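Participant: The structure file query-v4.pdb (PDB, C-alpha atoms) is provided below.
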```
ATOM      1  CA  MET A 205     -18.449 -10.461  33.185
ATOM      2  CA  ASN A 206     -16.184 -12.308  35.541
ATOM      3  CA  ILE A 207     -15.322  -9.304  37.702
ATOM      4  CA  ASP A 208     -17.521  -6.820  39.517
ATOM      5  CA  ILE A 209     -17.882  -3.388  37.951
ATOM      6  CA  PRO A 210     -19.360  -0.622  40.113
ATOM      7  CA  GLU A 211     -22.769   0.647  39.062
ATOM      8  CA  GLY A 212     -22.504   3.366  36.428
ATOM      9  CA  LYS A 213     -18.887   2.601  35.498
ATOM     10  CA  ASN A 214     -17.816   1.778  31.968
ATOM     11  CA  PRO A 215     -16.302  -1.742  32.267
ATOM     12  CA  ILE A 216     -13.394  -1.053  29.911
ATOM     13  CA  GLY A 217     -12.583   2.331  31.403
ATOM     14  CA  TYR A 218     -12.794   0.966  34.919
ATOM     15  CA  VAL A 219     -10.612  -2.105  34.364
ATOM     16  CA  TRP A 220      -8.071  -0.456  32.054
ATOM     17  CA  GLY A 221      -7.978   2.893  33.832
ATOM     18  CA  GLU A 222      -9.102   2.788  37.450
ATOM     19  CA  MET A 223      -8.953  -0.724  38.836
ATOM     20  CA  VAL A 224      -5.175  -1.088  38.674
ATOM     21  CA  PRO A 225      -3.965   2.475  38.127
ATOM     22  CA  GLY A 226      -0.270   1.591  38.028
ATOM     23  CA  ILE A 227      -0.707  -0.985  35.253
ATOM     24  CA  GLY A 228      -3.985  -0.438  33.393
ATOM     25  CA  PRO A 229      -3.251   2.961  31.830
ATOM     26  CA  ALA A 230       0.240   1.821  30.781
ATOM     27  CA  ALA A 231      -1.233  -1.306  29.163
ATOM     28  CA  ALA A 232      -3.880   0.802  27.419
ATOM     29  CA  ALA A 233      -1.199   3.186  26.120
ATOM     30  CA  PHE A 234       0.844   0.274  24.757
ATOM     31  CA  SER A 235      -2.242  -1.201  23.126
ATOM     32  CA  GLN A 236      -3.004   2.129  21.437
ATOM     33  CA  LYS A 237       0.607   2.603  20.256
ATOM     34  CA  VAL A 238       0.422  -0.697  18.374
ATOM     35  CA  TYR A 239      -2.230   0.934  16.179
ATOM     36  CA  SER A 240      -0.984   4.499  16.029
ATOM     37  CA  ASP A 241       2.718   3.884  15.473
ATOM     38  CA  THR A 242       2.871   0.763  13.317
ATOM     39  CA  THR A 243       4.889   0.793  10.116
ATOM     40  CA  LEU A 244       3.453  -2.525   8.920
ATOM     41  CA  GLY A 245       1.170  -2.641   5.894
ATOM     42  CA  LEU A 246      -2.556  -2.767   6.613
ATOM     43  CA  ARG A 247      -3.095  -6.273   5.170
ATOM     44  CA  GLU A 248      -0.267  -7.963   7.073
ATOM     45  CA  PHE A 249      -1.171  -6.022  10.233
ATOM     46  CA  GLU A 250      -4.798  -7.135   9.975
ATOM     47  CA  ALA A 251      -3.918 -10.738   9.049
ATOM     48  CA  ALA A 252      -1.820 -11.065  12.198
ATOM     49  CA  ARG A 253      -4.308  -9.197  14.393
ATOM     50  CA  LEU A 254      -7.311 -11.154  13.169
ATOM     51  CA  ARG A 255      -5.546 -14.506  13.535
ATOM     52  CA  ILE A 256      -4.781 -13.694  17.176
ATOM     53  CA  ALA A 257      -8.398 -12.559  17.671
ATOM     54  CA  GLN A 258      -9.656 -15.834  16.213
ATOM     55  CA  ILE A 259      -7.378 -17.865  18.479
ATOM     56  CA  ASN A 260      -8.227 -15.767  21.560
ATOM     57  CA  GLY A 261     -11.936 -15.908  20.854
ATOM     58  CA  CYS A 262     -12.209 -12.167  21.520
ATOM     59  CA  ILE A 263     -15.567 -11.184  20.029
ATOM     60  CA  PHE A 264     -14.798  -7.480  19.739
ATOM     61  CA  CYS A 265     -11.380  -8.051  18.160
ATOM     62  CA  GLN A 266     -12.862 -10.417  15.581
ATOM     63  CA  ASP A 267     -15.418  -7.789  14.575
ATOM     64  CA  TRP A 268     -13.009  -4.824  14.628
ATOM     65  CA  ARG A 269     -11.325  -3.668  11.402
ATOM     66  CA  THR A 270      -8.346  -1.353  11.546
ATOM     67  CA  GLU A 271      -8.778   1.709   9.351
ATOM     68  CA  ARG A 272      -5.937   3.612   7.762
ATOM     69  CA  ASP A 273      -6.469   6.699   5.651
ATOM     70  CA  GLY A 274     -10.086   5.672   5.162
ATOM     71  CA  ALA A 275      -9.189   2.143   4.001
ATOM     72  CA  THR A 276      -9.989  -1.193   5.630
ATOM     73  CA  VAL A 277      -9.521  -4.757   4.457
ATOM     74  CA  GLU A 278     -12.247  -6.326   2.322
ATOM     75  CA  SER A 279     -15.328  -7.860   3.950
ATOM     76  CA  ASP A 280     -14.210 -11.475   3.364
ATOM     77  CA  PHE A 281     -10.712 -10.889   4.768
ATOM     78  CA  ALA A 282     -11.476 -12.659   8.065
ATOM     79  CA  GLN A 283     -12.327 -15.848   6.188
ATOM     80  CA  ALA A 284      -9.080 -15.558   4.241
ATOM     81  CA  VAL A 285      -7.247 -15.264   7.575
ATOM     82  CA  THR A 286      -8.920 -18.460   8.767
ATOM     83  CA  ASP A 287      -7.803 -20.096   5.501
ATOM     84  CA  TRP A 288      -4.341 -18.487   5.481
ATOM     85  CA  ARG A 289      -2.632 -21.713   4.357
ATOM     86  CA  THR A 290      -4.682 -22.059   1.168
ATOM     87  CA  THR A 291      -6.202 -18.674   0.320
ATOM     88  CA  ASP A 292      -5.193 -16.975  -2.897
ATOM     89  CA  ALA A 293      -6.097 -13.584  -1.361
ATOM     90  CA  PHE A 294      -2.700 -13.159   0.357
ATOM     91  CA  ASP A 295       0.765 -12.261  -0.812
ATOM     92  CA  ASP A 296       3.772 -13.841   0.930
ATOM     93  CA  ARG A 297       4.071 -11.163   3.625
ATOM     94  CA  THR A 298       0.386 -11.345   4.545
ATOM     95  CA  ARG A 299       0.415 -15.151   4.659
ATOM     96  CA  LEU A 300       3.548 -15.099   6.820
ATOM     97  CA  ALA A 301       1.950 -12.585   9.182
ATOM     98  CA  ALA A 302      -1.030 -14.907   9.706
ATOM     99  CA  GLU A 303       1.247 -17.919  10.091
ATOM    100  CA  TYR A 304       3.495 -16.101  12.563
ATOM    101  CA  ALA A 305       0.469 -15.021  14.600
ATOM    102  CA  GLU A 306      -0.817 -18.574  14.814
ATOM    103  CA  ARG A 307       2.533 -20.080  15.682
ATOM    104  CA  TYR A 308       3.330 -17.264  18.149
ATOM    105  CA  ALA A 309       0.065 -17.973  19.980
ATOM    106  CA  LEU A 310      -0.023 -21.766  19.765
ATOM    107  CA  ASP A 311       3.504 -23.095  19.193
ATOM    108  CA  HIS A 312       6.136 -20.456  19.877
ATOM    109  CA  HIS A 313       8.664 -23.172  20.760
ATOM    110  CA  GLY A 314       8.200 -24.616  17.268
ATOM    111  CA  LEU A 315       9.451 -21.536  15.389
ATOM    112  CA  ASP A 316      12.284 -23.277  13.594
ATOM    113  CA  ASP A 317      15.113 -22.196  11.292
ATOM    114  CA  GLU A 318      13.019 -22.833   8.177
ATOM    115  CA  PHE A 319      10.346 -20.448   9.432
ATOM    116  CA  TRP A 320      12.892 -17.746  10.312
ATOM    117  CA  GLU A 321      14.502 -18.070   6.878
ATOM    118  CA  ARG A 322      11.126 -17.320   5.289
ATOM    119  CA  MET A 323      10.449 -14.454   7.699
ATOM    120  CA  THR A 324      13.799 -12.770   7.118
ATOM    121  CA  ALA A 325      13.358 -13.150   3.358
ATOM    122  CA  HIS A 326      10.188 -11.009   3.538
ATOM    123  CA  TYR A 327      10.529  -8.828   6.654
ATOM    124  CA  SER A 328      13.324  -6.622   7.969
ATOM    125  CA  GLN A 329      14.642  -7.192  11.485
ATOM    126  CA  ALA A 330      12.794  -4.077  12.692
ATOM    127  CA  GLU A 331       9.546  -5.287  11.111
ATOM    128  CA  ILE A 332       9.914  -8.682  12.790
ATOM    129  CA  VAL A 333      10.401  -7.035  16.188
ATOM    130  CA  GLU A 334       7.459  -4.705  15.563
ATOM    131  CA  LEU A 335       5.196  -7.554  14.478
ATOM    132  CA  SER A 336       6.302  -9.583  17.509
ATOM    133  CA  MET A 337       5.393  -6.711  19.835
ATOM    134  CA  CYS A 338       2.019  -6.313  18.129
ATOM    135  CA  LEU A 339       1.350 -10.039  18.502
ATOM    136  CA  GLY A 340       2.274  -9.914  22.177
ATOM    137  CA  SER A 341      -0.092  -7.015  22.751
ATOM    138  CA  TRP A 342      -3.012  -8.641  20.955
ATOM    139  CA  LEU A 343      -2.449 -12.043  22.521
ATOM    140  CA  ALA A 344      -2.200 -10.710  26.072
ATOM    141  CA  PHE A 345      -4.875  -8.038  25.970
ATOM    142  CA  GLY A 346      -7.336 -10.022  23.868
ATOM    143  CA  ARG A 347      -7.087 -12.893  26.313
ATOM    144  CA  LEU A 348      -7.381 -10.541  29.270
ATOM    145  CA  ASN A 349     -10.571  -9.041  27.839
ATOM    146  CA  HIS A 350     -12.026 -12.446  26.990
ATOM    147  CA  VAL A 351     -11.123 -14.121  30.282
ATOM    148  CA  LEU A 352     -12.567 -11.246  32.307
ATOM    149  CA  GLY A 353     -15.658 -11.141  30.102
ATOM    150  CA  LEU A 354     -14.928  -7.643  28.837
ATOM    151  CA  ASP A 355     -14.775  -8.479  25.138
ATOM    152  CA  THR A 356     -18.472  -7.793  24.647
ATOM    153  CA  GLN A 357     -17.960  -4.326  26.201
ATOM    154  CA  CYS A 358     -14.654  -3.490  24.517
ATOM    155  CA  VAL A 359     -13.669  -0.343  22.662
ATOM    156  CA  LEU A 360     -10.110   0.535  21.772
ATOM    157  CA  PRO A 361      -8.582   3.375  23.787
ATOM    158  CA  GLY A 362      -9.132   6.671  22.020
ATOM    159  CA  ASN A 363     -12.016   5.344  19.878
TER     160      ASN A 363
END
```
Mind turning the file's structure into structure tokens?
Facilitator:
Amino acid sequence: MNIDIPEGKNPIGYVWGEMVPGIGPAAAAFSQKVYSDTTLGLREFEAARLRIAQINGCIFCQDWRTERDGATVESDFAQAVTDWRTTDAFDDRTRLAAEYAERYALDHHGLDDEFWERMTAHYSQAEIVELSMCLGSWLAFGRLNHVLGLDTQCVLPGN
């Protein structure tokens, strides 16, 4: 890890809960709300989340699979996310979620009119805002965990 954790402290709990008490718990609550309150379908949610995890290099996030009502994505889903441009495993919404995640993380200034036409053809305005907030959460917190060396210690709040 790249920060000192007191002996006997859980690294995630310490950083996200104790180290910066005015910010950490609020960030943890936002991170949890992305999972608990999403209205997005599981496949598009996971395509976007996994693409951010791949870009961030967050080990935990790449291994994590969101579960809803006992269902998770198939075991080869992560490879399909890597191959989002060419995979036949995705419908248009799922492919767009992976594309949006990649462009959000790597080229947010390049989101052009053609892209937004495709997005608005498949997602409502509320879904676009929700997905954008999810992407922001995953990008920021995945990078925070990776940069600080916490990603090998990570567990999601409440899990």
Participant: I need the output of the PyMOL selection byres ((chain A and resi 260) around 10) for this file as a PyMOL selection string; which residues are they?
Facilitator: chain A and resi 254-259+261-263+265-266+309+342-351
Participant: Around the point (3.6, -11.7, 21.4), in the coordinates given by the file, pick out the residues reaching within 10 Å, counting all atoms listed in the file, and return them as a JSON list (two decimals) with C-alpha atoms, keeping the file's coordinate frame.
Facilitator:
```json
[["chain", "number", "residue", "atom", "x", "y", "z"],
["A", 256, "ILE", "CA", -4.78, -13.69, 17.18],
["A", 304, "TYR", "CA", 3.50, -16.10, 12.56],
["A", 305, "ALA", "CA", 0.47, -15.02, 14.60],
["A", 308, "TYR", "CA", 3.33, -17.26, 18.15],
["A", 309, "ALA", "CA", 0.06, -17.97, 19.98],
["A", 312, "HIS", "CA", 6.14, -20.46, 19.88],
["A", 333, "VAL", "CA", 10.40, -7.04, 16.19],
["A", 334, "GLU", "CA", 7.46, -4.70, 15.56],
["A", 335, "LEU", "CA", 5.20, -7.55, 14.48],
["A", 336, "SER", "CA", 6.30, -9.58, 17.51],
["A", 337, "MET", "CA", 5.39, -6.71, 19.84],
["A", 338, "CYS", "CA", 2.02, -6.31, 18.13],
["A", 339, "LEU", "CA", 1.35, -10.04, 18.50],
["A", 340, "GLY", "CA", 2.27, -9.91, 22.18],
["A", 341, "SER", "CA", -0.09, -7.02, 22.75],
["A", 342, "TRP", "CA", -3.01, -8.64, 20.96],
["A", 343, "LEU", "CA", -2.45, -12.04, 22.52],
["A", 344, "ALA", "CA", -2.20, -10.71, 26.07]]
```
Participant: Could you list, as a PyMOL selection string, every residue within 10 Å of A:Glu271, counting only C-alpha atoms and ignoring same-chain residues fewer than 5 positions away?
Facilitator: chain A and resi 239+246+250+276-277
Participant: Which distance in Å separates atom CA of A:Gly353 and atom CA of A:Ala301, to one decimal?
Facilitator: 27.4 Å
Participant: I'd like the interatomic distance between atom CA of A:Met205 and atom CA of A:Thr286, to a tenth of an Å.
Facilitator: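 Spanning atom CA of A:Met205 to atom CA of A:Thr286 is a straight-line distance of 27.4 Å.
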Participant: Just checking: using only C-alpha atoms, which residue out of A:Ile227, A:Ala302, A:Glu211, A:Leu354 ends up closest to A:Gln283?
Facilitator: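 The closest residue to A:Gln283 is A:Ala302.
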Participant: Quick one, how far is atom CA of A:Arg247 from atom CA of A:Glu321?
Facilitator: 21.3 Å
Participant: Of the residues A:Asp273, A:Glu248, A:Arg322, A:Gly314, which is the one nearest to A:Trp288, using all atoms listed in the file?
Facilitator: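 So, comparing all the options, the nearest one is A:Glu248.
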Participant: Considering only C-alpha atoms, state which residue in the set A:Ala330, A:Ala251, A:His313, A:Ser235 is at the smallest distance from A:Arg299.
Facilitator: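 Distance minimum relative to A:Arg299 lands on A:Ala251.
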Participant: Can you work out which one of A:Arg297, A:Arg289, A:Lys213, A:Arg307 has the shortest atom-to-atom distance to A:Ser328, counting all atoms listed in the file?
Facilitator: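 Under the stated criterion, the closest residue is A:Arg297.
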